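my_file.cif, holding mmCIF, C-alpha atoms:
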data_upload
loop_
_atom_site.label_atom_id
_atom_site.label_comp_id
_atom_site.auth_asym_id
_atom_site.auth_seq_id
_atom_site.Cartn_x
_atom_site.Cartn_y
_atom_site.Cartn_z
CA MET K 861 -51.99 -8.90 -38.86
CA ALA K 862 -55.54 -9.51 -40.03
CA ASP K 863 -57.52 -6.28 -40.25
CA ASN K 864 -60.60 -5.34 -38.26
CA PHE K 865 -62.84 -5.92 -41.27
CA ALA K 866 -61.96 -9.61 -41.36
CA VAL K 867 -62.42 -9.97 -37.61
CA ASN K 868 -65.79 -8.22 -37.63
CA TYR K 869 -66.98 -10.02 -40.76
CA LEU K 870 -66.17 -13.38 -39.19
CA LYS K 871 -67.77 -12.32 -35.91
CA VAL K 872 -71.08 -11.61 -37.66
CA TYR K 873 -71.03 -15.10 -39.15
CA LEU K 874 -70.05 -16.84 -35.91
CA GLU K 875 -72.60 -15.05 -33.75
CA ARG K 876 -75.33 -16.73 -35.81
CA GLN K 877 -73.95 -20.13 -34.82
CA THR K 878 -74.53 -22.28 -31.74
CA SER K 879 -71.92 -22.09 -29.00
CA ARG K 880 -70.99 -24.36 -26.12
CA LYS K 881 -68.90 -23.94 -22.97
CA PHE K 882 -66.25 -26.36 -21.70
CA ARG K 883 -64.43 -26.63 -18.40
CA LYS K 884 -60.65 -26.73 -18.26
CA GLY K 885 -59.43 -30.22 -19.13
CA GLU K 886 -62.55 -31.23 -21.08
CA ILE K 887 -61.83 -32.77 -24.47
CA ILE K 888 -63.78 -31.14 -27.27
CA VAL K 889 -62.58 -33.38 -30.10
CA PHE K 890 -60.88 -36.75 -29.69
CA GLN K 891 -58.02 -37.93 -31.87
CA GLY K 892 -59.36 -40.13 -34.65
CA GLU K 893 -62.90 -38.84 -34.18
CA VAL K 894 -64.99 -37.67 -37.11
CA PRO K 895 -66.27 -34.38 -35.65
CA GLU K 896 -69.95 -33.53 -35.74
CA HIS K 897 -69.10 -29.86 -36.22
CA ALA K 898 -66.34 -27.48 -37.11
CA TYR K 899 -65.31 -25.23 -34.21
CA ALA K 900 -64.01 -21.72 -33.65
CA VAL K 901 -62.68 -20.38 -30.36
CA LYS K 902 -65.02 -17.75 -28.91
CA SER K 903 -63.17 -17.33 -25.60
CA GLY K 904 -60.33 -19.06 -23.78
CA ILE K 905 -57.57 -21.19 -25.26
CA ILE K 906 -57.67 -24.66 -26.85
CA LYS K 907 -54.75 -27.08 -26.59
CA ALA K 908 -54.06 -29.50 -29.44
CA TYR K 909 -51.93 -32.49 -28.51
CA ASN K 910 -50.94 -36.05 -29.30
CA LEU K 911 -50.14 -38.97 -26.99
CA SER K 912 -46.98 -41.03 -27.19
CA VAL K 913 -47.03 -44.83 -27.10
CA ASN K 914 -46.33 -44.51 -23.36
CA GLY K 915 -49.29 -42.19 -22.86
CA ASP K 916 -47.18 -39.04 -22.47
CA GLU K 917 -48.83 -35.86 -23.66
CA LYS K 918 -47.14 -34.10 -26.58
CA PRO K 919 -48.56 -30.59 -27.09
CA VAL K 920 -48.77 -29.46 -30.71
CA ALA K 921 -50.28 -25.97 -30.48
CA PHE K 922 -52.48 -23.62 -28.47
CA TYR K 923 -55.38 -21.88 -30.20
CA PRO K 924 -56.69 -18.49 -29.02
CA GLU K 925 -59.84 -16.64 -30.07
CA THR K 926 -60.98 -16.77 -33.74
CA TYR K 927 -58.95 -19.91 -34.54
CA VAL K 928 -60.92 -22.72 -36.18
CA PHE K 929 -60.28 -26.40 -35.59
CA PRO K 930 -59.67 -29.16 -36.54
CA ALA K 931 -58.40 -27.42 -39.68
CA THR K 932 -57.18 -30.52 -41.53
CA TRP K 933 -60.68 -32.00 -41.22
CA ILE K 934 -62.48 -28.75 -42.02
CA TYR K 935 -60.54 -28.41 -45.28
CA GLU K 936 -60.96 -32.14 -46.04
CA LYS K 937 -57.27 -33.01 -45.92
CA LEU K 938 -57.98 -35.82 -43.44
CA PRO K 939 -61.13 -37.86 -42.75
CA SER K 940 -60.89 -37.36 -38.97
CA ALA K 941 -59.21 -35.30 -36.26
CA ILE K 942 -55.44 -35.79 -36.21
CA TYR K 943 -55.06 -34.57 -32.58
CA TYR K 944 -56.93 -34.20 -29.32
CA TYR K 945 -58.43 -30.74 -28.79
CA GLU K 946 -58.92 -29.82 -25.16
CA ALA K 947 -60.02 -26.77 -23.16
CA PHE K 948 -56.75 -25.40 -21.77
CA THR K 949 -58.20 -22.53 -19.76
CA ASP K 950 -61.24 -22.08 -17.57
CA ASN K 951 -64.56 -21.15 -19.15
CA VAL K 952 -63.68 -22.00 -22.73
CA GLU K 953 -66.47 -21.32 -25.20
CA VAL K 954 -66.49 -22.43 -28.82
CA TYR K 955 -68.76 -21.84 -31.77
CA MET K 956 -70.04 -24.93 -33.61
CA PHE K 957 -70.96 -24.87 -37.30
CA ASP K 958 -71.08 -26.85 -40.52
CA ARG K 959 -67.65 -27.06 -42.13
CA SER K 960 -68.90 -26.78 -45.72
CA SER K 961 -70.90 -23.64 -45.05
CA TYR K 962 -67.90 -22.11 -43.26
CA VAL K 963 -65.54 -22.79 -46.17
CA LYS K 964 -68.05 -21.32 -48.62
CA PHE K 965 -68.41 -18.27 -46.38
CA ILE K 966 -64.72 -17.40 -46.09
CA LYS K 967 -64.17 -17.92 -49.82
CA LYS K 968 -66.35 -14.86 -50.35
CA SER K 969 -63.90 -12.62 -48.48
CA PRO K 970 -60.23 -12.11 -49.45
CA GLU K 971 -59.70 -10.54 -46.01
CA LEU K 972 -60.93 -13.68 -44.24
CA LEU K 973 -58.82 -15.89 -46.48
CA TYR K 974 -55.81 -13.76 -45.62
CA GLN K 975 -56.59 -14.06 -41.91
CA GLU K 976 -56.84 -17.83 -42.28
CA MET K 977 -53.50 -17.86 -44.10
CA GLU K 978 -51.96 -15.87 -41.24
CA HIS K 979 -53.22 -18.46 -38.76
CA PHE K 980 -51.67 -21.28 -40.79
CA LEU K 981 -48.40 -19.37 -41.15
CA ASN K 982 -48.30 -18.82 -37.39
CA ASP K 983 -48.85 -22.55 -36.90
CA HIS K 984 -46.09 -23.34 -39.39
CA LEU K 985 -43.62 -20.95 -37.76
CA GLY K 986 -44.46 -22.24 -34.30
CA GLY K 987 -44.11 -25.84 -35.43
CA SER K 988 -40.73 -25.24 -37.05
CA MET K 989 -39.45 -23.37 -33.98
CA ARG K 990 -40.57 -26.20 -31.70
CA LEU K 991 -38.89 -28.77 -33.93
CA ASN K 992 -35.68 -26.77 -33.79
CA ALA K 993 -35.92 -26.62 -29.99
CA LEU K 994 -36.45 -30.36 -29.66
CA GLU K 995 -33.45 -31.14 -31.88
CA HIS K 996 -31.05 -29.63 -29.34
CA SER K 997 -29.37 -32.20 -27.12
CA LYS K 998 -28.88 -30.10 -23.96
CA ALA K 999 -31.85 -29.67 -21.63
CA SER K 1000 -31.03 -25.98 -21.14
CA ASP K 1001 -31.06 -25.34 -24.90
CA LYS K 1002 -34.35 -27.20 -25.36
CA LEU K 1003 -35.94 -24.93 -22.77
CA ILE K 1004 -34.37 -21.69 -24.03
CA TYR K 1005 -35.50 -22.29 -27.62
CA THR K 1006 -38.94 -23.39 -26.40
CA LEU K 1007 -39.29 -20.16 -24.41
CA HIS K 1008 -38.36 -18.23 -27.54
CA TYR K 1009 -41.10 -20.11 -29.44
CA LEU K 1010 -43.62 -19.25 -26.71
CA ALA K 1011 -42.58 -15.59 -26.77
CA ILE K 1012 -43.02 -15.39 -30.55
CA SER K 1013 -46.27 -17.34 -30.69
CA TYR K 1014 -48.03 -16.37 -27.46
CA GLY K 1015 -46.14 -13.39 -26.10
CA GLN K 1016 -47.79 -10.17 -24.94
CA PRO K 1017 -45.23 -7.32 -24.86
CA LEU K 1018 -45.10 -5.38 -21.60
CA ASP K 1019 -42.31 -3.06 -22.77
CA SER K 1020 -39.46 -3.13 -25.29
CA ASN K 1021 -37.70 -6.02 -23.51
CA SER K 1022 -40.36 -7.78 -21.43
CA ILE K 1023 -42.77 -10.40 -22.75
CA GLN K 1024 -45.58 -12.04 -20.82
CA ILE K 1025 -46.48 -15.54 -22.00
CA ALA K 1026 -50.24 -15.60 -22.42
CA LEU K 1027 -50.49 -19.22 -21.33
CA ASN K 1028 -50.88 -20.53 -17.79
CA LEU K 1029 -48.17 -23.18 -18.04
CA THR K 1030 -47.06 -25.58 -15.31
CA HIS K 1031 -43.70 -27.28 -14.95
CA GLN K 1032 -45.37 -30.39 -16.37
CA ASP K 1033 -46.48 -28.40 -19.41
CA PHE K 1034 -42.88 -27.32 -19.99
CA ALA K 1035 -41.79 -30.94 -19.59
CA ASN K 1036 -44.36 -32.04 -22.18
CA LEU K 1037 -43.30 -29.27 -24.56
CA THR K 1038 -39.60 -30.09 -24.33
CA GLY K 1039 -39.57 -33.86 -23.84
CA LEU K 1040 -37.81 -33.41 -20.48
CA THR K 1041 -38.86 -34.76 -17.11
CA ARG K 1042 -40.84 -32.41 -14.89
CA GLU K 1043 -37.96 -32.26 -12.43
CA THR K 1044 -35.44 -31.30 -15.13
CA ALA K 1045 -37.77 -28.68 -16.59
CA ALA K 1046 -38.28 -27.17 -13.12
CA THR K 1047 -34.53 -27.13 -12.45
CA GLU K 1048 -33.72 -25.41 -15.75
CA LEU K 1049 -36.49 -22.85 -15.29
CA ASN K 1050 -35.14 -22.04 -11.84
CA LYS K 1051 -31.65 -21.50 -13.31
CA LEU K 1052 -33.07 -19.04 -15.84
CA LYS K 1053 -35.00 -17.29 -13.06
CA LYS K 1054 -31.79 -16.80 -11.05
CA GLN K 1055 -30.15 -15.33 -14.16
CA GLY K 1056 -32.99 -12.82 -14.50
CA ILE K 1057 -34.09 -14.19 -17.86
CA ILE K 1058 -37.51 -15.28 -16.65
CA ASP K 1059 -39.69 -14.35 -13.72
CA TYR K 1060 -42.62 -16.34 -12.40
CA GLY K 1061 -44.36 -17.38 -9.22
CA LYS K 1062 -47.41 -19.19 -7.94
CA ASN K 1063 -50.51 -17.96 -9.80
CA GLN K 1064 -48.33 -15.44 -11.67
CA PRO K 1065 -47.64 -15.39 -15.42
CA TYR K 1066 -44.23 -16.13 -16.91
CA ILE K 1067 -42.42 -12.92 -17.88
CA LEU K 1068 -39.40 -13.12 -20.15
CA ARG K 1069 -36.59 -10.59 -20.48
CA LEU K 1070 -36.27 -10.93 -24.23
CA ASN K 1071 -32.89 -9.20 -24.55
CA LEU K 1072 -31.33 -11.64 -22.06
CA LEU K 1073 -33.06 -14.66 -23.59
CA LEU K 1074 -31.83 -13.83 -27.10
CA LYS K 1075 -28.22 -13.73 -25.86
CA LYS K 1076 -28.61 -17.42 -25.02
CA ILE K 1077 -29.64 -18.33 -28.56
CA ASN K 1078 -26.66 -19.40 -30.67
CA ASP K 1079 -28.28 -18.68 -34.02
CA GLN K 1080 -28.40 -15.11 -35.27
CA PHE K 1081 -31.26 -15.62 -37.71
CA ILE K 1082 -33.48 -17.37 -35.18
CA ALA K 1083 -32.57 -14.78 -32.55
CA ASP K 1084 -33.70 -12.07 -34.97
CA LEU K 1085 -37.26 -13.40 -34.72
CA LYS K 1086 -39.28 -11.15 -32.44
CA PRO K 1087 -43.00 -10.76 -31.74
CA ALA K 1088 -44.54 -8.63 -34.50
CA THR K 1089 -45.63 -5.95 -32.03
CA LEU K 1090 -41.99 -5.33 -31.05
CA VAL K 1091 -40.71 -4.89 -34.60
CA SER K 1092 -40.25 -1.19 -35.38
#

Translate this structure into structure tokens?
Amino acid sequence: MADNFAVNYLKVYLERQTSRKFRKGEIIVFQGEVPEHAYAVKSGIIKAYNLSVNGDEKPVAFYPETYVFPATWIYEKLPSAIYYYEAFTDNVEVYMFDRSSYVKFIKKSPELLYQEMEHFLNDHLGGSMRLNALEHSKASDKLIYTLHYLAISYGQPLDSNSIQIALNLTHQDFANLTGLTRETAATELNKLKKQGIIDYGKNQPYILRLNLLLKKINDQFIADLKPATLVS
């Protein structure tokens, strides 16, 4: 985990920048757009996604506080934004700043560079876990492995076996994440709820029983992955 020095050092820099608020569902950066600014999440969560040829949404990642985007444009790997970046939660606020000055700033601090590397590693791990989930043929396996990805990437431990997913996901979101229909995603989630693996309700967060979920994963090495805060 990045240390407090890196977080505070970055905070000092960002608080000198302009910020802007967005409502849930507002697009901050469009796919293919050359952004006017680089952005960092001040509060709320940003969703990055692509659209299929049929117009179906394909989520790529969710970015919490301190994450910068679009990273591939900021670091000049691409001339424009590769995805859409949208406010996923209510009252999202982002900092806006010049990408060149930001890159020069973080190069002065090994701690900030390490924090940035951690962010990219988290993205890489999440992306590889999602790819593994999508490669399964059974709908139930797609959902189980996707839930494991969400627990690792966005889980907030409640106790040694319970994880709250820090994302307000709908059945349609699960469908978009897994490539299933909304009806199939809802059916499979309900099956897991009856088995006691997951608990959820209207306006209530998803809570996973990690020990029961991991028994459903038929890969020891993937099942060994747990949120860092649960590793003793």

As a check of understanding, name the residues that the PyMOL selection byres ((chain K and resi 1018) around 12) selects in the supplied structure, as an mmCIF file with C-alpha atoms, in the coordinates of the input.
data_model
loop_
_atom_site.group_PDB
_atom_site.id
_atom_site.type_symbol
_atom_site.label_atom_id
_atom_site.label_comp_id
_atom_site.auth_asym_id
_atom_site.auth_seq_id
_atom_site.Cartn_x
_atom_site.Cartn_y
_atom_site.Cartn_z
ATOM 1 C CA ALA K 1011 -42.580 -15.590 -26.770
ATOM 2 C CA GLY K 1015 -46.140 -13.390 -26.100
ATOM 3 C CA GLN K 1016 -47.790 -10.170 -24.940
ATOM 4 C CA PRO K 1017 -45.230 -7.320 -24.860
ATOM 5 C CA ASP K 1019 -42.310 -3.060 -22.770
ATOM 6 C CA SER K 1020 -39.460 -3.130 -25.290
ATOM 7 C CA ASN K 1021 -37.700 -6.020 -23.510
ATOM 8 C CA SER K 1022 -40.360 -7.780 -21.430
ATOM 9 C CA ILE K 1023 -42.770 -10.400 -22.750
ATOM 10 C CA GLN K 1024 -45.580 -12.040 -20.820
ATOM 11 C CA ILE K 1025 -46.480 -15.540 -22.000
ATOM 12 C CA ALA K 1026 -50.240 -15.600 -22.420
ATOM 13 C CA TYR K 1066 -44.230 -16.130 -16.910
ATOM 14 C CA ILE K 1067 -42.420 -12.920 -17.880
ATOM 15 C CA LEU K 1068 -39.400 -13.120 -20.150
ATOM 16 C CA ARG K 1069 -36.590 -10.590 -20.480
ATOM 17 C CA LEU K 1070 -36.270 -10.930 -24.230
ATOM 18 C CA PRO K 1087 -43.000 -10.760 -31.740
ATOM 19 C CA THR K 1089 -45.630 -5.950 -32.030
ATOM 20 C CA LEU K 1090 -41.990 -5.330 -31.050
#

Original post:
Hey, can you check how far atom CA of Asp983 of chain K sits from atom CA of Ile1082 of chain K?
Top reply: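 It comes out at 16.3 Å.
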
Subject >> Length of the atom CA of Val894 of chain K to atom CA of Arg876 of chain K vector [Å] >> reply: 23.4 Å

So for segment 986-1002 of chain K, what box centre and size do we get, axis-aligned, 8 Å extra on each of the six sides, every listed atom, Å to one decimal, as JSON?
{"center_x": -36.7, "center_y": -27.2, "center_z": -29.1, "size_x": 31.6, "size_y": 26.0, "size_z": 31.9}

Subject >> Test item: the PyMOL selection byres ((chain K and resi 990-998) around 10) resolved as a count of residues only >> reply: 25

Subject >> Nearest residue to Val867 of chain K from the set K:Val954, K:Leu972, K:Ala1045, K:Met977 (distances using only C-alpha atoms) >> reply: K:Leu972

Original post:
Interatomic distance between atom CA of Lys871 of chain K and atom CA of Lys964 of chain K?
Top reply: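 Interatomic distance, atom CA of Lys871 of chain K to atom CA of Lys964 of chain K: 15.6 Å.
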
Per residue of segment 1003-1047 of chain K within 12 Å of segment 904-909 of chain K, note the shortest atom pair and the distance in Å to one decimal, counting all atoms listed in the file, and order the rows by chain and increasing residue number, as JSON lines.
{"residue": "K:Tyr1014", "atom": "CA", "partner": "K:Ile905", "partner_atom": "CA", "distance": 10.9}
{"residue": "K:Ala1026", "atom": "CA", "partner": "K:Ile905", "partner_atom": "CA", "distance": 9.6}
{"residue": "K:Leu1027", "atom": "CA", "partner": "K:Ile905", "partner_atom": "CA", "distance": 8.3}
{"residue": "K:Asn1028", "atom": "CA", "partner": "K:Ile905", "partner_atom": "CA", "distance": 10.0}
{"residue": "K:Leu1029", "atom": "CA", "partner": "K:Lys907", "partner_atom": "CA", "distance": 11.5}
{"residue": "K:Asp1033", "atom": "CA", "partner": "K:Lys907", "partner_atom": "CA", "distance": 11.0}
{"residue": "K:Asn1036", "atom": "CA", "partner": "K:Tyr909", "partner_atom": "CA", "distance": 9.9}
{"residue": "K:Leu1037", "atom": "CA", "partner": "K:Tyr909", "partner_atom": "CA", "distance": 10.0}

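Shortest separation to Tyr873 of chain K among K:Pro939, K:Val913, K:Leu973, K:Tyr962 occurs at residue K:Tyr962, atoms counted being all atoms listed in the file.
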
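Counting only C-alpha atoms and comparing K:Tyr927, K:Tyr943, K:Phe1034, K:Tyr974, the residue that lies closest to Ile888 of chain K is K:Tyr943.
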
**OP:** Might you spell out which residues the PyMOL selection byres ((chain K and resi 951) around 8) would select in the displayed file, as a PyMOL selection string?
**Re:** chain K and resi 881-884+903-904+949-950+952-953

**OP:** Taking the point (-59.1, -28.4, -47.4) as given in the file, collect each protein or nucleic acid residue that comes within 12 Å of it, counting only C-alpha atoms, and present the set as a ChimeraX atom specification.
**Re:** /K:930-939,959-960,962-964,967,976

Take the residues from that selection and write them out as an mmCIF file, keeping the file's coordinate frame, keeping C-alpha atoms.
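Okay, this is what ended up in result-v8.cif:
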data_model
loop_
_atom_site.group_PDB
_atom_site.id
_atom_site.type_symbol
_atom_site.label_atom_id
_atom_site.label_comp_id
_atom_site.auth_asym_id
_atom_site.auth_seq_id
_atom_site.Cartn_x
_atom_site.Cartn_y
_atom_site.Cartn_z
ATOM 1 C CA PRO K 930 -59.670 -29.160 -36.540
ATOM 2 C CA ALA K 931 -58.400 -27.420 -39.680
ATOM 3 C CA THR K 932 -57.180 -30.520 -41.530
ATOM 4 C CA TRP K 933 -60.680 -32.000 -41.220
ATOM 5 C CA ILE K 934 -62.480 -28.750 -42.020
ATOM 6 C CA TYR K 935 -60.540 -28.410 -45.280
ATOM 7 C CA GLU K 936 -60.960 -32.140 -46.040
ATOM 8 C CA LYS K 937 -57.270 -33.010 -45.920
ATOM 9 C CA LEU K 938 -57.980 -35.820 -43.440
ATOM 10 C CA PRO K 939 -61.130 -37.860 -42.750
ATOM 11 C CA ARG K 959 -67.650 -27.060 -42.130
ATOM 12 C CA SER K 960 -68.900 -26.780 -45.720
ATOM 13 C CA TYR K 962 -67.900 -22.110 -43.260
ATOM 14 C CA VAL K 963 -65.540 -22.790 -46.170
ATOM 15 C CA LYS K 964 -68.050 -21.320 -48.620
ATOM 16 C CA LYS K 967 -64.170 -17.920 -49.820
ATOM 17 C CA GLU K 976 -56.840 -17.830 -42.280
#
